[in-house]
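This is work.csv (CSV, C-alpha atoms).
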chain,number,residue,atom,x,y,z
A,212,MET,CA,-26.5,43.6,-125.2
A,213,LYS,CA,-26.8,41.2,-122.2
A,214,GLU,CA,-24.5,38.8,-123.9
A,215,GLY,CA,-22.0,41.6,-124.4
A,216,PHE,CA,-22.2,42.2,-120.7
A,217,GLY,CA,-21.3,38.6,-120.1
A,218,GLU,CA,-18.2,39.0,-122.0
A,219,LEU,CA,-17.4,42.2,-120.1
A,220,VAL,CA,-18.0,40.5,-116.8
A,221,ARG,CA,-15.8,37.7,-117.7
A,222,LYS,CA,-13.0,40.1,-118.4
A,223,ILE,CA,-13.2,41.6,-114.9
A,224,ARG,CA,-11.1,39.6,-112.5
A,225,THR,CA,-9.9,41.7,-109.7
A,226,LYS,CA,-11.5,44.2,-107.4
A,227,GLU,CA,-9.4,47.0,-108.9
A,228,GLU,CA,-10.7,46.2,-112.3
A,229,LEU,CA,-14.3,46.2,-111.0
A,230,ILE,CA,-13.8,49.5,-109.3
A,231,PHE,CA,-12.3,51.0,-112.4
A,232,PHE,CA,-15.2,49.7,-114.5
A,233,LEU,CA,-17.8,51.0,-112.1
A,234,GLU,CA,-16.1,54.4,-112.0
A,235,GLU,CA,-16.1,54.5,-115.8
A,236,ILE,CA,-19.9,53.8,-115.8
A,237,ALA,CA,-20.4,56.6,-113.3
A,238,ARG,CA,-18.2,59.0,-115.2
A,239,LYS,CA,-19.9,58.4,-118.5
A,240,LYS,CA,-23.3,58.6,-116.8
A,241,LEU,CA,-24.6,55.6,-118.6
A,242,LEU,CA,-28.0,55.6,-117.0
A,243,LYS,CA,-29.6,53.4,-119.4
A,244,GLU,CA,-31.5,50.4,-118.1
A,245,GLU,CA,-29.0,47.9,-119.3
A,246,VAL,CA,-26.1,49.7,-117.7
A,247,SER,CA,-27.9,49.9,-114.4
A,248,GLU,CA,-28.6,46.2,-114.6
A,249,LEU,CA,-24.9,45.6,-115.3
A,250,GLU,CA,-23.9,47.7,-112.3
A,251,GLU,CA,-26.2,45.8,-110.1
A,252,LYS,CA,-24.9,42.5,-111.4
A,253,LEU,CA,-21.3,43.6,-110.9
A,254,ARG,CA,-21.9,44.8,-107.4
A,255,ALA,CA,-23.6,41.5,-106.6
A,256,LEU,CA,-20.6,39.5,-107.6
A,257,PRO,CA,-18.9,37.6,-104.6
A,258,GLN,CA,-15.4,38.6,-103.6
A,259,ILE,CA,-12.5,36.7,-102.2
A,260,LYS,CA,-9.5,38.2,-100.4
A,261,LEU,CA,-6.1,36.8,-101.3
A,262,GLU,CA,-2.7,37.8,-99.8
A,263,ILE,CA,0.2,36.6,-101.8
A,264,ALA,CA,4.0,37.3,-101.6
A,265,PHE,CA,4.5,38.5,-105.2
A,266,SER,CA,2.8,40.7,-107.8
A,267,PRO,CA,0.8,38.3,-110.1
A,268,GLY,CA,1.1,38.5,-113.8
A,269,GLU,CA,-1.8,38.6,-116.3
A,270,ASP,CA,-1.5,34.9,-117.0
A,271,PHE,CA,-1.6,33.9,-113.3
A,272,LEU,CA,-4.5,36.3,-112.7
A,273,ASN,CA,-6.4,34.5,-115.5
A,274,ARG,CA,-5.4,31.2,-114.1
A,275,LEU,CA,-6.7,32.1,-110.6
A,276,SER,CA,-9.9,33.6,-111.9
A,277,GLN,CA,-10.7,30.5,-113.9
A,278,TRP,CA,-9.8,28.2,-111.1
A,279,PHE,CA,-12.2,30.0,-108.7
A,280,GLU,CA,-15.0,30.1,-111.4
A,281,LYS,CA,-14.5,26.4,-112.0
A,282,GLU,CA,-14.3,25.5,-108.3
A,283,LEU,CA,-17.2,27.7,-107.0
A,284,GLY,CA,-19.3,27.6,-110.2
A,285,GLN,CA,-19.7,31.4,-110.4
A,286,LYS,CA,-17.8,34.5,-111.2
A,287,ILE,CA,-15.6,35.7,-108.3
A,288,ILE,CA,-13.9,39.1,-107.9
A,289,LEU,CA,-10.4,38.7,-106.5
A,290,ASP,CA,-9.2,41.2,-103.9
A,291,ILE,CA,-5.5,40.6,-104.1
A,292,THR,CA,-2.9,42.1,-101.8
A,293,CYS,CA,0.8,41.7,-102.3
A,294,ASN,CA,2.8,41.1,-99.1
A,295,PRO,CA,6.4,39.9,-99.4
A,296,LYS,CA,6.5,39.2,-95.7
A,297,ILE,CA,4.5,36.0,-96.1
A,298,ALA,CA,7.4,34.6,-98.1
A,299,GLY,CA,5.2,32.4,-100.3
A,300,GLY,CA,1.8,30.6,-100.5
A,301,LEU,CA,-1.2,32.7,-99.6
A,302,ILE,CA,-3.6,33.9,-96.9
A,303,ILE,CA,-7.3,33.6,-97.9
A,304,GLU,CA,-10.5,35.1,-96.6
A,305,TYR,CA,-13.9,34.0,-98.0
A,306,GLN,CA,-17.4,34.5,-96.6
A,307,GLY,CA,-16.0,35.3,-93.2
A,308,LYS,CA,-13.6,32.4,-93.1
A,309,TRP,CA,-9.8,33.1,-92.9
A,310,ARG,CA,-6.9,30.7,-93.4
A,311,ASP,CA,-3.2,31.2,-93.5
A,312,PHE,CA,-1.4,28.9,-95.9
A,313,SER,CA,1.7,31.1,-96.2
A,314,LEU,CA,5.3,29.9,-96.2
A,315,ALA,CA,6.0,32.4,-93.3
A,316,LYS,CA,3.6,30.6,-91.1
A,317,ARG,CA,5.2,27.3,-91.9
A,318,ILE,CA,8.6,28.7,-91.1
A,319,ASP,CA,7.3,30.1,-87.8
A,320,GLN,CA,5.7,26.8,-87.0
A,321,LEU,CA,9.0,25.1,-87.7
A,322,PHE,CA,10.8,27.3,-85.2
A,323,ILE,CA,8.0,27.1,-82.6
A,324,ASN,CA,8.3,23.3,-82.8
A,325,GLU,CA,12.1,23.7,-82.4
A,326,LEU,CA,11.5,25.9,-79.3
A,327,LYS,CA,9.1,23.3,-77.8
A,328,ASP,CA,11.6,20.6,-78.3
B,133,MET,CA,-52.2,26.1,69.6
B,134,VAL,CA,-54.2,28.6,67.5
B,135,PHE,CA,-54.0,32.4,68.4
B,136,ASN,CA,-57.4,34.1,68.2
B,137,LEU,CA,-57.6,37.9,68.2
B,138,ASN,CA,-60.6,38.3,70.3
B,139,GLU,CA,-61.6,41.1,72.7
B,140,ARG,CA,-59.9,39.6,75.7
B,141,ASN,CA,-56.6,39.1,74.1
B,142,LEU,CA,-56.7,42.6,72.7
B,143,PHE,CA,-57.2,43.9,76.2
B,144,PHE,CA,-54.2,42.1,77.6
B,145,ILE,CA,-52.0,43.4,74.7
B,146,VAL,CA,-53.0,47.0,75.3
B,147,PHE,CA,-52.5,46.6,79.1
B,148,PHE,CA,-49.0,45.2,78.8
B,149,ALA,CA,-48.1,47.9,76.3
B,150,LEU,CA,-49.3,50.7,78.6
B,151,ALA,CA,-47.4,49.1,81.5
B,152,ALA,CA,-44.2,48.9,79.5
B,153,LEU,CA,-44.5,52.6,78.5
B,154,ILE,CA,-45.0,53.7,82.1
B,155,ALA,CA,-42.0,51.7,83.2
B,156,TRP,CA,-39.8,53.1,80.5
B,157,VAL,CA,-40.9,56.7,81.4
B,158,CYS,CA,-40.2,56.1,85.2
B,159,LEU,CA,-36.7,54.7,84.4
B,160,ASP,CA,-35.9,57.8,82.3
B,161,ILE,CA,-36.9,60.2,85.0
B,162,PHE,CA,-34.8,58.3,87.5
B,163,ARG,CA,-31.7,58.4,85.3
B,164,ILE,CA,-32.1,62.2,84.7
B,165,LEU,CA,-32.4,62.8,88.4
B,166,ARG,CA,-29.4,60.7,89.2
B,167,LYS,CA,-27.2,62.6,86.6
B,168,GLU,CA,-28.2,66.0,88.1
B,169,LYS,CA,-27.3,64.7,91.5
B,170,ARG,CA,-23.8,63.7,90.5
B,171,GLN,CA,-23.0,67.1,89.0
B,172,SER,CA,-24.1,68.9,92.1
B,173,SER,CA,-21.9,66.7,94.3
B,174,LEU,CA,-18.8,67.4,92.1
B,175,LEU,CA,-19.3,71.1,92.5
B,176,ARG,CA,-19.6,70.7,96.2
B,177,ASP,CA,-16.4,68.6,96.4
B,178,PHE,CA,-14.3,71.2,94.4
B,179,GLY,CA,-15.4,74.1,96.6
B,180,ALA,CA,-14.5,72.0,99.7
B,181,ASN,CA,-10.9,71.1,98.5
B,182,GLU,CA,-9.9,74.6,97.2
B,183,LEU,CA,-6.5,75.8,98.8
B,184,PHE,CA,-5.4,79.4,99.0
B,185,LEU,CA,-1.6,79.8,99.9
B,186,ARG,CA,0.2,83.0,100.6
B,187,ILE,CA,3.9,82.9,99.5
B,188,SER,CA,6.8,85.6,99.7
B,189,GLU,CA,8.7,87.1,96.8
B,190,ASP,CA,11.9,85.5,97.9
B,191,PHE,CA,10.3,82.1,98.1
B,192,ARG,CA,8.8,82.7,94.7
B,193,GLU,CA,12.2,83.5,93.3
B,194,GLN,CA,13.8,80.5,95.0
B,195,LEU,CA,11.0,78.4,93.8
B,196,LYS,CA,11.4,79.7,90.3
B,197,GLU,CA,15.1,79.1,90.4
B,198,LEU,CA,14.6,75.7,91.9
B,199,ILE,CA,12.1,74.8,89.3
B,200,GLY,CA,14.4,76.3,86.6
B,201,ARG,CA,17.3,74.1,87.8
B,202,GLU,CA,15.2,71.1,88.0
B,203,VAL,CA,13.8,71.8,84.6
B,204,GLN,CA,17.4,72.4,83.3
B,205,LYS,CA,18.6,69.3,85.0
B,206,ASN,CA,15.7,67.3,83.5
B,207,VAL,CA,16.3,68.8,80.1
B,208,GLU,CA,20.1,68.0,80.2
B,209,GLN,CA,19.4,64.5,81.4
B,210,PHE,CA,16.8,64.1,78.7
B,211,LYS,CA,19.3,65.6,76.3
B,212,ARG,CA,22.0,63.1,77.3
B,213,GLU,CA,19.7,60.2,77.2
B,214,PHE,CA,18.5,61.4,73.9
B,215,GLN,CA,22.0,61.8,72.6
B,216,LYS,CA,22.9,58.4,74.0
B,217,ALA,CA,19.9,56.8,72.4
B,218,SER,CA,20.7,58.6,69.2
B,219,GLU,CA,24.3,57.4,69.2
B,220,GLU,CA,23.2,53.9,70.0
B,221,ILE,CA,20.7,54.1,67.2
B,222,ILE,CA,23.3,55.6,64.8
B,223,ASN,CA,25.8,53.1,65.9
B,224,GLY,CA,23.3,50.4,65.4
B,225,TYR,CA,22.4,51.6,62.0
B,226,GLN,CA,26.0,52.3,61.2
B,227,SER,CA,27.0,48.8,62.1
B,228,GLN,CA,24.1,47.5,60.2
B,229,PHE,CA,24.9,49.7,57.3
B,230,GLU,CA,28.5,48.6,57.4
B,231,SER,CA,27.6,45.0,57.5
B,232,GLY,CA,25.0,45.8,54.8
B,233,ASN,CA,27.7,47.6,52.8
B,234,GLN,CA,30.0,44.7,53.2
B,235,GLU,CA,27.2,42.5,52.1
B,236,ILE,CA,26.5,44.7,49.2
B,237,LYS,CA,30.2,44.8,48.4
B,238,ARG,CA,30.3,41.1,48.6
B,239,VAL,CA,27.2,40.8,46.6
B,240,LEU,CA,28.6,43.3,44.1
B,241,GLY,CA,31.8,41.4,44.0
B,242,GLU,CA,30.0,38.1,43.4
B,243,PHE,CA,27.7,39.9,41.0
B,244,SER,CA,30.7,41.4,39.1
B,245,GLN,CA,32.3,38.0,39.1
B,246,LEU,CA,29.0,36.5,38.0
B,247,ILE,CA,28.7,39.2,35.4
B,248,ALA,CA,32.3,38.6,34.2
B,249,GLY,CA,31.5,34.9,34.1
B,250,GLU,CA,28.2,35.6,32.3
B,251,VAL,CA,30.0,38.0,30.0
B,252,SER,CA,32.6,35.4,29.3
B,253,ASN,CA,29.9,32.8,28.8
B,254,LEU,CA,28.0,35.2,26.7
B,255,SER,CA,31.0,36.1,24.6
B,256,LYS,CA,31.8,32.4,24.4
B,257,PHE,CA,28.3,31.6,23.4
B,258,SER,CA,28.3,34.6,21.1
B,259,LEU,CA,31.5,33.4,19.5
B,260,GLU,CA,30.1,29.9,19.2
B,261,ALA,CA,26.9,31.2,17.8
B,262,GLN,CA,28.9,33.4,15.5
B,263,ASN,CA,31.0,30.5,14.4
B,264,LYS,CA,27.9,28.3,14.0
B,265,ILE,CA,26.1,31.0,12.1
B,266,SER,CA,29.2,31.6,10.0
B,267,LEU,CA,29.5,27.9,9.3
B,268,GLU,CA,25.8,27.6,8.5
B,269,ALA,CA,26.0,30.7,6.3
B,270,LYS,CA,29.0,29.3,4.5
B,271,THR,CA,27.2,26.0,4.1
B,272,LYS,CA,24.1,27.8,2.9
B,273,ILE,CA,26.1,30.0,0.5
B,274,LEU,CA,27.8,26.9,-0.8
B,275,GLU,CA,24.5,25.1,-1.2
B,276,LEU,CA,23.1,28.2,-2.9
B,277,ASN,CA,26.2,28.5,-5.1
B,278,ARG,CA,25.8,24.8,-6.0
B,279,ALA,CA,22.1,25.3,-6.7
B,280,ALA,CA,22.8,28.5,-8.7
B,281,GLU,CA,25.5,26.8,-10.7
B,282,LYS,CA,23.3,23.8,-11.3
B,283,GLU,CA,20.5,26.1,-12.4
B,284,PHE,CA,22.9,28.1,-14.5
B,285,VAL,CA,24.1,25.0,-16.2
B,286,LYS,CA,20.6,23.9,-16.8
B,287,ILE,CA,19.6,27.3,-18.3
B,288,GLN,CA,22.8,27.2,-20.4
B,289,GLU,CA,21.9,23.7,-21.6
B,290,GLU,CA,18.3,24.8,-22.4
B,291,ASN,CA,19.7,28.0,-24.1
B,292,LEU,CA,22.1,25.9,-26.1
B,293,LYS,CA,19.3,23.5,-27.1
B,294,ALA,CA,17.1,26.4,-28.1
B,295,ALA,CA,19.9,28.1,-29.9
B,296,ALA,CA,20.7,24.8,-31.7
B,297,GLN,CA,17.0,24.4,-32.6
B,298,ILE,CA,16.8,28.0,-33.8
B,299,TYR,CA,20.1,27.5,-35.7
B,300,LYS,CA,18.7,24.3,-37.3
B,301,SER,CA,15.4,26.0,-38.1
B,302,VAL,CA,17.2,29.0,-39.6
B,303,LYS,CA,19.5,26.8,-41.5
B,304,GLU,CA,16.6,24.8,-42.9
B,305,ASN,CA,14.8,28.0,-43.8
B,306,LEU,CA,18.0,29.4,-45.4
B,307,ASN,CA,18.5,26.1,-47.3
B,308,LYS,CA,14.9,26.2,-48.4
B,309,LYS,CA,15.3,29.8,-49.5
B,310,VAL,CA,18.5,29.1,-51.2
B,311,GLN,CA,16.9,26.1,-53.0
B,312,GLU,CA,13.9,28.3,-53.9
B,313,THR,CA,16.2,31.1,-55.1
B,314,GLU,CA,18.3,28.6,-57.1
B,315,LYS,CA,15.2,27.3,-58.6
B,316,GLU,CA,14.0,30.8,-59.4
B,317,ILE,CA,17.4,31.6,-60.9
B,318,GLU,CA,17.3,28.3,-62.9
B,319,ASP,CA,13.7,29.1,-64.1
B,320,TYR,CA,14.7,32.6,-64.9
B,321,LYS,CA,17.8,31.3,-66.8
B,322,LYS,CA,15.6,28.8,-68.6
B,323,GLU,CA,13.1,31.6,-69.4
B,324,ARG,CA,15.8,33.9,-70.6
B,325,PHE,CA,17.4,31.2,-72.7
B,326,LYS,CA,13.9,30.4,-74.1
B,327,GLU,CA,13.3,34.0,-74.8
B,328,MET,CA,16.7,34.3,-76.4
B,329,ASP,CA,16.0,31.1,-78.4
B,330,ARG,CA,12.7,32.6,-79.4
B,331,LYS,CA,14.3,35.8,-80.5
B,332,ILE,CA,17.0,33.9,-82.3
B,333,TYR,CA,14.5,31.7,-84.1
B,334,GLN,CA,12.3,34.8,-84.8
B,335,THR,CA,15.3,36.5,-86.3
B,336,LEU,CA,16.2,33.4,-88.2
B,337,GLY,CA,12.6,33.1,-89.3
B,338,GLU,CA,12.6,36.6,-90.5
B,339,VAL,CA,15.8,36.1,-92.3
B,340,ALA,CA,14.6,32.8,-93.8
B,341,LYS,CA,11.3,34.4,-94.9
B,342,LYS,CA,13.1,37.3,-96.5
B,343,THR,CA,15.7,35.0,-98.1
B,344,ILE,CA,13.2,32.4,-99.2
B,345,GLY,CA,10.8,35.1,-100.5
B,346,LYS,CA,13.5,36.6,-102.5
B,347,THR,CA,15.1,33.4,-103.7
B,348,ILE,CA,12.0,31.7,-104.8
B,349,ASP,CA,11.3,32.3,-108.4
B,350,LEU,CA,7.9,33.3,-109.9
B,351,SER,CA,6.9,29.8,-111.0
B,352,ALA,CA,7.6,28.4,-107.6
B,353,HIS,CA,5.5,31.2,-106.0
B,354,GLU,CA,2.6,30.4,-108.4
B,355,LYS,CA,3.0,26.7,-107.6
B,356,LEU,CA,2.9,27.4,-103.8
B,357,VAL,CA,-0.3,29.6,-104.3
B,358,MET,CA,-2.0,26.9,-106.2
B,359,GLU,CA,-1.1,24.3,-103.6
B,360,ALA,CA,-2.4,26.6,-100.9
B,361,LEU,CA,-5.7,27.0,-102.9
B,362,GLU,CA,-6.0,23.3,-103.1
B,363,LYS,CA,-5.7,23.1,-99.3
B,364,ALA,CA,-8.2,26.0,-98.9
B,365,LYS,CA,-10.7,24.2,-101.2
B,366,LYS,CA,-10.8,21.3,-98.7
B,367,GLU,CA,-11.2,23.6,-95.7
B,368,ILE,CA,-13.3,26.6,-96.9
B,369,PHE,CA,-15.2,25.9,-100.1
Encoded form using structure tokens:
Amino acid sequence: MKEGFGELVRKIRTKEELIFFLEEIARKKLLKEEVSELEEKLRALPQIKLEIAFSPGEDFLNRLSQWFEKELGQKIILDITCNPKIAGGLIIEYQGKWRDFSLAKRIDQLFINELKD
Amino acid sequence: MVFNLNERNLFFIVFFALAALIAWVCLDIFRILRKEKRQSSLLRDFGANELFLRISEDFREQLKELIGREVQKNVEQFKREFQKASEEIINGYQSQFESGNQEIKRVLGEFSQLIAGEVSNLSKFSLEAQNKISLEAKTKILELNRAAEKEFVKIQEENLKAAAQIYKSVKENLNKKVQETEKEIEDYKKERFKEMDRKIYQTLGEVAKKTIGKTIDLSAHEKLVMEALEKAKKEIF
């Protein structure tokens, strides 16, 4: 059963999927011990906020999820927001740290430098 | 020689005093007696010389008339003498008065001449004094005018200097203000241009972001995200 959960957890990539799954658990009132354990495990998963300029496809979501799992050594829930205003790249927030690696910022920086000159 | 008031000396003093008193009383009695005797002799002489005459009425009348004529005669004579004396006195006084009058006239004439002379002198002196005063006044007025003119010129020069200084100061202040205002305008222009540039660049940026965001294809987006994650890995993870 626990191994089955592992497969299930692996399938959950984004926060929306996590919420959906948790709602399913609540709706079906699966109050068995294993389910409760799963819920706890799911709720304990670390999250990372990403703001990107496009709506990612399934392949790119998988690629992102795997990249984070590989880099951080644990399962990560992606809280992705689609914002075309950033033009490209991403804005990331993880464990209270926030960074803007967007193309919009680079363009702004370019014009600011032009103004300074 | 020393005088001693003894009994003997006292006796002599009293004796002489009494003798002197008796002598004085005797002399006084003698004098009173002599006076009474003289009065009685006078009365006796008057009684012996008294004359009683019996005269007639005619004689009385003639005597009265005679006495009246004599008296009239004396009175007239006295009158004449009095008149004569009066005339002499009056003539004397008149002559004296005439001579005095002439003297007065003479003195008055001399005095009038003197007064005329004095008046002439006075008028002359007055004229001279007037001329002198007038001349002095003219001189003083001229001096005062000169001094006033000098002072006026001095004041005018000082005023001109002050005005020039004020003008210079005002001009400097105005120049300073103009320079400051020009600088402010220049700064404002620069600021406005900067603001405009900023807005232009902002607009350009917005356009660029929209254009780039739309023109970049999906694979390029994914590539950009992965590059950003690689950067984030170095800074965050």
Per-residue nearest contacts chain A to chain B, cut-off 8 Å, using all atoms listed in the file, as a tab-separated table:
residue	atom	partner	partner_atom	distance
A:Ile263	CA	B:Val357	CA	7.4
A:Ala264	CA	B:Gly345	CA	7.2
A:Phe265	CA	B:His353	CA	7.4
A:Phe271	CA	B:Glu354	CA	7.3
A:Leu283	CA	B:Phe369	CA	7.4
A:Pro295	CA	B:Gly345	CA	6.6
A:Lys296	CA	B:Lys341	CA	6.8
A:Ile297	CA	B:Lys341	CA	7.1
A:Ala298	CA	B:Gly345	CA	4.2
A:Gly299	CA	B:His353	CA	5.8
A:Gly300	CA	B:Val357	CA	4.5
A:Leu301	CA	B:Val357	CA	5.7
A:Ile303	CA	B:Ala364	CA	7.7
A:Tyr305	CA	B:Ile368	CA	7.5
A:Lys308	CA	B:Ile368	CA	6.9
A:Arg310	CA	B:Ala364	CA	7.4
A:Phe312	CA	B:Ala360	CA	5.6
A:Ser313	CA	B:Ala360	CA	7.7
A:Leu314	CA	B:Lys341	CA	7.6
A:Ala315	CA	B:Lys341	CA	5.9
A:Ile318	CA	B:Gly337	CA	6.2
A:Asp319	CA	B:Gly337	CA	6.3
A:Phe322	CA	B:Tyr333	CA	5.9
A:Ile323	CA	B:Arg330	CA	7.9
A:Leu326	CA	B:Arg330	CA	6.8
Next, the residues of the selection above should be written as a compact mmCIF listing (two decimals), in the frame of the given file with C-alpha atoms.
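To be explicit, this is the file written out as selection_3.txt:
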# COMPACT_ATOMS: atom_id res chain seq x y z
CA ILE A 263 0.20 36.60 -101.80
CA ALA A 264 4.00 37.30 -101.60
CA PHE A 265 4.50 38.50 -105.20
CA PHE A 271 -1.60 33.90 -113.30
CA LEU A 283 -17.20 27.70 -107.00
CA PRO A 295 6.40 39.90 -99.40
CA LYS A 296 6.50 39.20 -95.70
CA ILE A 297 4.50 36.00 -96.10
CA ALA A 298 7.40 34.60 -98.10
CA GLY A 299 5.20 32.40 -100.30
CA GLY A 300 1.80 30.60 -100.50
CA LEU A 301 -1.20 32.70 -99.60
CA ILE A 303 -7.30 33.60 -97.90
CA TYR A 305 -13.90 34.00 -98.00
CA LYS A 308 -13.60 32.40 -93.10
CA ARG A 310 -6.90 30.70 -93.40
CA PHE A 312 -1.40 28.90 -95.90
CA SER A 313 1.70 31.10 -96.20
CA LEU A 314 5.30 29.90 -96.20
CA ALA A 315 6.00 32.40 -93.30
CA ILE A 318 8.60 28.70 -91.10
CA ASP A 319 7.30 30.10 -87.80
CA PHE A 322 10.80 27.30 -85.20
CA ILE A 323 8.00 27.10 -82.60
CA LEU A 326 11.50 25.90 -79.30
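Taking atom CA of B:Lys237 and atom CA of B:Ser255 as endpoints, the distance between them is 25.4 Å.
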Smallest atom-to-atom distance to A:Ile287: which of A:Arg238, A:Lys316, A:Lys252, A:Arg224, using all atoms listed in the file? A:Arg224
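Atom to atom, atom CA of A:Lys226 and atom CA of A:Leu272 stand 11.8 Å apart.
Between atom CA of A:Ile288 and atom CA of A:Leu229 lies a distance of 7.8 Å.
Proximity of A:Gly217, A:Gln258, A:Glu248, A:Leu275 to A:Gly307, computed with all atoms listed in the file, is greatest for A:Gln258.
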Quick one: residues within 6 Å of A:Thr225, all atoms listed in the file, excluding same-chain residues fewer than 3 positions away - as a PDB file with C-alpha atoms, in the frame of the given file?
ATOM      1  CA  GLU A 228     -10.700  46.200-112.300  1.00  0.00           C
ATOM      2  CA  ILE A 288     -13.900  39.100-107.900  1.00  0.00           C
ATOM      3  CA  LEU A 289     -10.400  38.700-106.500  1.00  0.00           C
ATOM      4  CA  ASP A 290      -9.200  41.200-103.900  1.00  0.00           C
TER       5      ASP A 290
END
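The smallest atom-to-atom distance between A:Glu218 and any of A:Ile236, A:Ser247, A:Lys286, A:Lys260, using all atoms listed in the file, is found for A:Lys286.
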Could I get stretch 291-307 of chain A rebuilt with N, CA and C atoms, written as an mmCIF file, in the frame of the given file?
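Contents of the output file rebuild-v6.cif:
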data_model
loop_
_atom_site.group_PDB
_atom_site.id
_atom_site.type_symbol
_atom_site.label_atom_id
_atom_site.label_comp_id
_atom_site.auth_asym_id
_atom_site.auth_seq_id
_atom_site.Cartn_x
_atom_site.Cartn_y
_atom_site.Cartn_z
ATOM 1 N N ILE A 291 -6.859 41.068 -104.325
ATOM 2 C CA ILE A 291 -5.500 40.600 -104.100
ATOM 3 C C ILE A 291 -4.617 41.636 -103.441
ATOM 4 N N THR A 292 -3.895 41.218 -102.433
ATOM 5 C CA THR A 292 -2.900 42.100 -101.800
ATOM 6 C C THR A 292 -1.544 41.454 -101.877
ATOM 7 N N CYS A 293 -0.560 42.265 -102.228
ATOM 8 C CA CYS A 293 0.800 41.700 -102.300
ATOM 9 C C CYS A 293 1.573 42.037 -101.049
ATOM 10 N N ASN A 294 2.017 40.971 -100.367
ATOM 11 C CA ASN A 294 2.800 41.100 -99.100
ATOM 12 C C ASN A 294 3.957 40.203 -99.083
ATOM 13 N N PRO A 295 5.167 40.740 -99.344
ATOM 14 C CA PRO A 295 6.400 39.900 -99.400
ATOM 15 C C PRO A 295 6.683 39.198 -98.078
ATOM 16 N N LYS A 296 6.173 39.740 -96.991
ATOM 17 C CA LYS A 296 6.500 39.200 -95.700
ATOM 18 C C LYS A 296 5.974 37.740 -95.499
ATOM 19 N N ILE A 297 4.982 37.383 -96.239
ATOM 20 C CA ILE A 297 4.500 36.000 -96.100
ATOM 21 C C ILE A 297 5.354 34.977 -96.776
ATOM 22 N N ALA A 298 6.372 35.442 -97.485
ATOM 23 C CA ALA A 298 7.400 34.600 -98.100
ATOM 24 C C ALA A 298 6.915 33.778 -99.298
ATOM 25 N N GLY A 299 5.751 33.176 -99.181
ATOM 26 C CA GLY A 299 5.200 32.400 -100.300
ATOM 27 C C GLY A 299 3.840 31.844 -99.863
ATOM 28 N N GLY A 300 3.173 31.151 -100.819
ATOM 29 C CA GLY A 300 1.800 30.600 -100.500
ATOM 30 C C GLY A 300 0.831 31.780 -100.458
ATOM 31 N N LEU A 301 -0.268 31.608 -99.673
ATOM 32 C CA LEU A 301 -1.200 32.700 -99.600
ATOM 33 C C LEU A 301 -2.029 32.671 -98.292
ATOM 34 N N ILE A 302 -2.688 33.823 -98.040
ATOM 35 C CA ILE A 302 -3.600 33.900 -96.900
ATOM 36 C C ILE A 302 -4.982 34.233 -97.594
ATOM 37 N N ILE A 303 -6.004 33.480 -97.225
ATOM 38 C CA ILE A 303 -7.300 33.600 -97.900
ATOM 39 C C ILE A 303 -8.413 33.927 -96.948
ATOM 40 N N GLU A 304 -9.344 34.749 -97.438
ATOM 41 C CA GLU A 304 -10.500 35.100 -96.600
ATOM 42 C C GLU A 304 -11.739 35.030 -97.566
ATOM 43 N N TYR A 305 -12.728 34.197 -97.193
ATOM 44 C CA TYR A 305 -13.900 34.000 -98.000
ATOM 45 C C TYR A 305 -15.114 33.769 -97.162
ATOM 46 N N GLN A 306 -16.121 34.594 -97.401
ATOM 47 C CA GLN A 306 -17.400 34.500 -96.600
ATOM 48 C C GLN A 306 -17.121 34.352 -95.113
ATOM 49 N N GLY A 307 -16.274 35.224 -94.602
ATOM 50 C CA GLY A 307 -16.000 35.300 -93.200
ATOM 51 C C GLY A 307 -15.027 34.230 -92.658
#
